[in-house]
>>> print(open('final-v3.csv').read())   # CSV, C-alpha atoms and all ligand atoms
chain,number,residue,atom,x,y,z
T,14,MET,CA,117.8,229.8,-36.0
T,15,PRO,CA,121.5,230.2,-36.7
T,16,TYR,CA,123.5,227.0,-37.1
T,17,GLN,CA,126.0,225.8,-34.4
T,18,PHE,CA,128.4,223.0,-34.0
T,19,ASP,CA,125.9,220.8,-32.2
T,20,ASP,CA,123.8,220.8,-35.4
T,21,LEU,CA,126.7,219.0,-37.2
T,22,LYS,CA,126.7,216.3,-34.6
T,23,GLU,CA,122.9,216.1,-34.6
T,24,ARG,CA,122.9,215.7,-38.4
T,25,CYS,CA,125.1,212.6,-38.2
T,26,ARG,CA,124.1,211.4,-34.8
T,27,ASP,CA,124.5,207.7,-35.6
T,28,GLU,CA,128.0,208.0,-37.0
T,29,TRP,CA,129.0,210.4,-34.1
T,30,GLN,CA,127.8,207.9,-31.5
T,31,ALA,CA,129.5,205.0,-33.3
T,32,TYR,CA,132.7,207.0,-33.1
T,33,ILE,CA,132.5,208.2,-29.5
T,34,GLN,CA,131.2,204.9,-28.1
T,35,HIS,CA,133.2,202.5,-30.4
T,36,ARG,CA,134.2,199.1,-29.0
T,37,PHE,CA,137.9,200.3,-29.0
T,38,VAL,CA,136.8,203.1,-26.7
T,39,THR,CA,134.7,201.0,-24.3
T,40,GLN,CA,137.5,198.4,-24.1
T,41,LEU,CA,140.1,201.1,-23.5
T,42,GLY,CA,137.8,202.4,-20.7
T,43,ASP,CA,137.3,199.1,-18.9
T,44,GLY,CA,141.0,198.1,-19.5
T,45,SER,CA,140.1,195.0,-21.5
T,46,LEU,CA,141.7,196.3,-24.8
T,47,ALA,CA,144.4,194.0,-26.2
T,48,SER,CA,147.8,195.6,-25.7
T,49,GLU,CA,148.7,194.8,-29.4
T,50,SER,CA,145.7,196.8,-30.5
T,51,PHE,CA,146.6,199.8,-28.3
T,52,GLN,CA,150.2,199.7,-29.5
T,53,HIS,CA,149.2,199.5,-33.1
T,54,TYR,CA,146.8,202.5,-32.6
T,55,LEU,CA,149.5,204.5,-30.7
T,56,LYS,CA,152.0,204.1,-33.5
T,57,GLN,CA,149.6,205.1,-36.2
T,58,ASP,CA,148.3,208.0,-34.1
T,59,TYR,CA,151.9,209.4,-34.0
T,60,LEU,CA,151.8,209.5,-37.8
T,61,PHE,CA,148.3,210.8,-37.8
T,62,LEU,CA,149.2,213.7,-35.5
T,63,ILE,CA,152.1,214.8,-37.7
T,64,GLN,CA,149.7,215.1,-40.6
T,65,PHE,CA,147.2,216.9,-38.5
T,66,ALA,CA,149.8,219.4,-37.4
T,67,ARG,CA,150.3,220.1,-41.1
T,68,ALA,CA,146.6,220.6,-41.5
T,69,PHE,CA,146.6,223.2,-38.8
T,70,ALA,CA,149.6,224.9,-40.5
T,71,LEU,CA,147.4,224.9,-43.6
T,72,ALA,CA,144.6,226.6,-41.6
T,73,ALA,CA,147.2,229.3,-40.5
T,74,TYR,CA,148.1,229.8,-44.2
T,75,LYS,CA,144.4,230.1,-45.1
T,76,SER,CA,143.6,232.5,-42.2
T,77,PRO,CA,142.5,236.0,-43.4
T,78,THR,CA,142.4,237.6,-39.9
T,79,LEU,CA,144.5,237.7,-36.8
T,80,ALA,CA,141.8,235.9,-34.8
T,81,ASP,CA,141.7,233.1,-37.3
T,82,LEU,CA,145.5,232.9,-37.3
T,83,ARG,CA,145.5,232.6,-33.5
T,84,GLN,CA,143.0,229.8,-33.6
T,85,ALA,CA,145.1,227.9,-36.1
T,86,LYS,CA,148.2,228.5,-34.1
T,87,ASP,CA,146.5,227.3,-30.9
T,88,GLY,CA,145.4,224.1,-32.7
T,89,LEU,CA,148.9,223.5,-34.0
T,90,GLN,CA,150.4,224.2,-30.5
T,91,ALA,CA,147.9,221.8,-28.9
T,92,ILE,CA,149.1,219.0,-31.2
T,93,VAL,CA,152.8,219.7,-31.3
T,94,ASP,CA,153.5,220.9,-27.8
T,95,VAL,CA,150.8,219.0,-25.8
T,96,GLU,CA,149.6,216.0,-27.6
T,97,LEU,CA,152.7,214.9,-29.6
T,98,GLY,CA,154.9,215.5,-26.6
T,99,LEU,CA,152.7,213.4,-24.3
T,100,HIS,CA,152.3,210.8,-27.0
T,101,ILE,CA,156.1,210.3,-27.4
T,102,ASP,CA,156.5,209.8,-23.7
T,103,TYR,CA,153.5,207.5,-23.6
T,104,CYS,CA,154.9,205.4,-26.5
T,105,LYS,CA,158.2,205.1,-24.6
T,106,ALA,CA,156.4,203.8,-21.6
T,107,TRP,CA,154.8,201.2,-23.9
T,108,GLY,CA,158.2,200.2,-25.3
T,109,ILE,CA,158.0,202.1,-28.6
T,110,SER,CA,161.0,204.4,-29.3
T,111,GLU,CA,160.9,207.7,-31.2
T,112,GLN,CA,163.2,206.1,-33.8
T,113,GLU,CA,160.7,203.3,-34.3
T,114,LEU,CA,157.9,205.9,-34.7
T,115,ALA,CA,159.8,207.9,-37.2
T,116,GLU,CA,160.4,204.8,-39.5
T,117,LEU,CA,156.8,203.4,-39.5
T,118,PRO,CA,154.8,203.1,-42.7
T,119,GLU,CA,151.4,204.7,-42.6
T,120,ALA,CA,148.4,202.3,-42.4
T,121,ARG,CA,145.6,202.8,-45.0
T,122,ALA,CA,143.2,204.2,-42.4
T,123,THR,CA,145.8,206.8,-41.4
T,124,LEU,CA,146.5,207.7,-45.0
T,125,ALA,CA,142.8,208.0,-45.9
T,126,TYR,CA,141.8,210.1,-42.9
T,127,THR,CA,144.8,212.6,-42.9
T,128,ARG,CA,144.8,213.1,-46.7
T,129,TYR,CA,141.1,213.6,-46.8
T,130,VAL,CA,141.4,216.4,-44.3
T,131,LEU,CA,144.4,218.0,-46.1
T,132,ASP,CA,142.6,217.7,-49.5
T,133,THR,CA,139.4,219.2,-48.0
T,134,GLY,CA,141.4,222.1,-46.7
T,135,ASN,CA,143.3,222.6,-50.0
T,136,ARG,CA,140.1,222.6,-52.1
T,137,GLY,CA,137.9,224.5,-49.7
T,138,ASP,CA,138.0,227.5,-47.4
T,139,LEU,CA,139.0,227.9,-43.8
T,140,LEU,CA,135.6,226.8,-42.5
T,141,ASP,CA,135.7,223.6,-44.6
T,142,LEU,CA,139.1,222.8,-43.1
T,143,HIS,CA,138.0,223.5,-39.5
T,144,VAL,CA,134.9,221.3,-39.9
T,145,ALA,CA,137.1,218.5,-41.3
T,146,LEU,CA,139.4,218.9,-38.3
T,147,SER,CA,136.6,219.1,-35.7
T,148,PRO,CA,135.8,215.4,-35.1
T,149,CYS,CA,139.5,215.1,-34.1
T,150,MET,CA,139.6,218.2,-31.9
T,151,VAL,CA,136.2,217.7,-30.3
T,152,GLY,CA,135.7,213.9,-30.4
T,153,TYR,CA,138.6,212.9,-28.1
T,154,GLY,CA,137.7,215.4,-25.4
T,155,GLU,CA,134.1,214.1,-25.5
T,156,ILE,CA,135.3,210.5,-25.4
T,157,ALA,CA,137.4,211.2,-22.3
T,158,ASN,CA,134.4,212.9,-20.6
T,159,TRP,CA,132.0,210.1,-21.7
T,160,LEU,CA,134.4,207.4,-20.3
T,161,ASN,CA,134.8,209.2,-17.1
T,162,ASP,CA,131.0,209.3,-16.5
T,163,ARG,CA,130.7,205.6,-17.4
T,164,PRO,CA,130.4,203.2,-14.4
T,165,GLU,CA,132.2,200.5,-16.4
T,166,THR,CA,135.3,202.7,-16.8
T,167,ALA,CA,138.3,201.6,-14.6
T,168,ARG,CA,140.6,204.4,-13.3
T,169,GLY,CA,144.0,204.5,-11.8
T,170,ASP,CA,146.1,201.4,-11.3
T,171,ARG,CA,143.1,199.2,-12.3
T,172,ASN,CA,143.4,200.3,-16.0
T,173,PRO,CA,146.6,200.2,-18.0
T,174,TYR,CA,145.1,202.9,-20.3
T,175,ASP,CA,144.3,205.4,-17.5
T,176,ALA,CA,146.9,207.8,-18.6
T,177,TRP,CA,145.4,208.0,-22.1
T,178,ILE,CA,142.0,209.0,-20.6
T,179,SER,CA,143.7,211.6,-18.4
T,180,MET,CA,145.6,213.1,-21.3
T,181,TYR,CA,142.3,214.0,-23.0
T,182,GLU,CA,140.6,215.1,-19.8
T,183,SER,CA,143.5,217.6,-19.1
T,184,ASP,CA,142.7,221.3,-19.0
T,185,GLU,CA,144.9,221.9,-22.0
T,186,PHE,CA,143.0,219.5,-24.2
T,187,GLN,CA,139.6,220.4,-22.9
T,188,ASP,CA,140.3,224.1,-23.4
T,189,ALA,CA,141.5,223.6,-27.0
T,190,MET,CA,138.3,221.6,-27.6
T,191,LYS,CA,136.1,224.4,-26.2
T,192,ALA,CA,138.0,227.1,-28.2
T,193,GLU,CA,137.5,225.1,-31.4
T,194,ILE,CA,133.7,224.8,-30.7
T,195,ARG,CA,133.5,228.6,-30.0
T,196,TRP,CA,135.3,229.4,-33.3
T,197,LEU,CA,133.0,227.0,-35.2
T,198,ASP,CA,129.8,228.3,-33.5
T,199,LYS,CA,130.7,231.8,-34.6
T,200,ARG,CA,131.3,230.9,-38.2
T,201,LEU,CA,128.3,228.5,-38.5
T,202,ALA,CA,125.9,231.2,-37.2
T,203,GLU,CA,126.5,233.1,-40.5
T,204,ILE,CA,125.9,230.3,-43.1
T,205,SER,CA,123.0,229.4,-45.4
T,206,PRO,CA,121.1,226.0,-45.3
T,207,ALA,CA,122.9,225.0,-48.6
T,208,ARG,CA,126.3,225.7,-47.1
T,209,PHE,CA,125.3,223.7,-43.9
T,210,GLU,CA,124.6,220.7,-46.1
T,211,GLN,CA,128.1,220.9,-47.7
T,212,LEU,CA,129.7,221.1,-44.2
T,213,ALA,CA,127.6,218.3,-42.8
T,214,ARG,CA,128.9,216.0,-45.6
T,215,ILE,CA,132.5,216.9,-44.6
T,216,PHE,CA,131.8,216.4,-40.9
T,217,SER,CA,130.2,213.0,-41.5
T,218,ASP,CA,133.1,211.9,-43.8
T,219,ALA,CA,135.7,212.8,-41.1
T,220,THR,CA,133.6,211.1,-38.4
T,221,ARG,CA,133.4,207.9,-40.5
T,222,LEU,CA,137.2,208.1,-41.0
T,223,GLU,CA,137.6,208.3,-37.2
T,224,ILE,CA,135.5,205.1,-36.9
T,225,ASP,CA,137.9,203.4,-39.4
T,226,PHE,CA,140.8,204.5,-37.3
T,227,TRP,CA,139.5,202.7,-34.2
T,228,GLU,CA,138.7,199.6,-36.4
T,229,MET,CA,142.3,199.7,-37.7
T,230,GLY,CA,143.5,199.5,-34.0
T,231,LEU,CA,141.1,196.6,-33.3
T,232,THR,CA,141.9,194.6,-36.4
T,233,LEU,CA,145.7,195.5,-36.5
T,234,SER,CA,145.2,196.3,-40.2
T,235,ASN,CA,147.9,198.1,-42.2
X,1,LIG,C1,142.8,209.5,-34.9
X,1,LIG,C2,142.8,210.6,-33.9
X,1,LIG,N1,141.7,211.4,-33.8
X,1,LIG,C3,141.7,212.4,-32.8
X,1,LIG,C4,142.8,212.6,-32.0
X,1,LIG,C5,142.8,213.7,-31.0
X,1,LIG,N2,143.6,214.8,-31.4
X,1,LIG,C6,143.9,211.8,-32.2
X,1,LIG,N3,145.0,211.9,-31.4
X,1,LIG,N4,143.8,210.7,-33.1
>>> encode(input="final-v3.csv", output="structure tokens", more="lines below")
Ligand SMILES: Cc1ncc(CN)c(N)n1
Amino acid sequence: MPYQFDDLKERCRDEWQAYIQHRFVTQLGDGSLASESFQHYLKQDYLFLIQFARAFALAAYKSPTLADLRQAKDGLQAIVDVELGLHIDYCKAWGISEQELAELPEARATLAYTRYVLDTGNRGDLLDLHVALSPCMVGYGEIANWLNDRPETARGDRNPYDAWISMYESDEFQDAMKAEIRWLDKRLAEISPARFEQLARIFSDATRLEIDFWEMGLTLSN
């Protein structure tokens, strides 16, 4: 049986579930998350997204074909034009200016995650890099859908974080997520069991670093 993206998730099912259904996520969904935690997360996520945009630029550099180049360009565009744009507007609404964002120091969880992905991409090939990026690209789309299906989730005026959920439910974000899964499914179909083990390690590491990012928000750690 050829491998596919779902096999990576299945291989680290416990970590994936701990990421998708993290306490930060459930509190964000029911609206009970402390605003300090959300603001801390938002600020660090701005810094995170800048580094992730660099990682997609690295994917473009490492792309041997036009199809690969387009996929890297679409990922970069989803972050720079869609996510970062919305993020800056969203930060403004929460009283955080672009100037403040530009001057922030990176928290350790931000440093660890982003540099892990960049290092994996530098050392490895294009598939290593896309697998390291995939918990970010796929996880938030899945989180938005999971929250939306959850009866405890409060929507609209009843939840101060409703716009965050809507951002990741948007067609732009969901389409970028599906395109990334399609790209990965095609590449993973061609790999050996030994290669799958290497990629499963990367996927698990990146997923654990996503969990640490939520923890950083909850504990306000720097
Ligand atoms: C930490 C993190 N992971 C994922 C995403 C979704 N691109 C994000 N904005 N921030």
>>> residues_near_ligand(input="final-v3.csv", ligand="ligand LIG 1 (chain X)", cutoff="9 Å", atoms="only C-alpha atoms and all ligand atoms", output="ChimeraX atom specification")
/T:54-55,57-59,61-62,65,91-92,96-97,100,123,126-127,146-154,181,186,222-224,226-227
>>> closest_atom_pairs(input="final-v3.csv", of="region 142-180 of chain T", to="region 31-50 of chain T", cutoff="6 Å", atoms="all atoms listed in the file", output="CSV")
residue,atom,partner,partner_atom,distance
T:Ile156,CA,T:Ile33,CA,5.5
T:Glu165,CA,T:Asp43,CA,5.8
T:Thr166,CA,T:Asp43,CA,4.6
T:Ala167,CA,T:Asp43,CA,5.1
T:Asn172,CA,T:Gly44,CA,4.8
>>> atom_distance(input="final-v3.csv", atom1="CA of Ile194 (chain T)", atom2="CA of Lys56 (chain T)")
27.8 Å
>>> closest_residue(input="final-v3.csv", among="T:Leu140, T:Ser76, T:Gln112, T:Leu124", to="Glu193 (chain T)", atoms="only C-alpha atoms")
T:Leu140
>>> atom_distance(input="final-v3.csv", atom1="CA of Leu201 (chain T)", atom2="CA of Tyr74 (chain T)")
20.6 Å
>>> residues_near_point(input="final-v3.csv", point="(120.6, 218.0, -37.6)", cutoff="12 Å", atoms="all atoms listed in the file", output="PyMOL selection string")
chain T and resi 16-27+29+206+209-210+212-214+216-217
>>> atom_distance(input="final-v3.csv", atom1="CA of Arg83 (chain T)", atom2="CA of Ser179 (chain T)")
25.9 Å
>>> residues_near_point(input="final-v3.csv", point="(144.6, 224.1, -39.9)", cutoff="9 Å", atoms="all atoms listed in the file", output="PyMOL selection string")
chain T and resi 65-76+84-86+88-89+131+134+139+142-143+146
>>> closest_residue(input="final-v3.csv", among="T:Arg163, T:Asn158, T:Tyr174, T:Ala80", to="Trp107 (chain T)", atoms="all atoms listed in the file")
T:Tyr174
>>> decode(input="final-v3.csv", residues="region 31-49 of chain T", atoms="C-alpha atoms", output="short mmCIF file (atom, residue, chain, number, x, y, z; two decimals), in the first residue's frame")
data_model
loop_
_atom_site.label_atom_id
_atom_site.label_comp_id
_atom_site.auth_asym_id
_atom_site.auth_seq_id
_atom_site.Cartn_x
_atom_site.Cartn_y
_atom_site.Cartn_z
CA ALA T 31 -2.77 16.52 21.90
CA TYR T 32 -2.04 19.30 19.37
CA ILE T 33 -5.50 19.52 17.74
CA GLN T 34 -7.47 19.19 20.97
CA HIS T 35 -5.09 21.14 23.23
CA ARG T 36 -6.52 23.05 26.21
CA PHE T 37 -5.60 26.32 24.49
CA VAL T 38 -7.80 25.24 21.56
CA THR T 39 -10.79 24.11 23.61
CA GLN T 40 -10.68 27.31 25.68
CA LEU T 41 -10.42 29.38 22.51
CA GLY T 42 -13.43 27.48 21.18
CA ASP T 43 -15.68 28.03 24.17
CA GLY T 44 -14.42 31.60 24.68
CA SER T 45 -12.95 30.99 28.16
CA LEU T 46 -9.29 31.55 27.16
CA ALA T 47 -7.61 34.36 29.14
CA SER T 48 -7.12 37.41 26.90
CA GLU T 49 -3.46 37.71 28.10
#
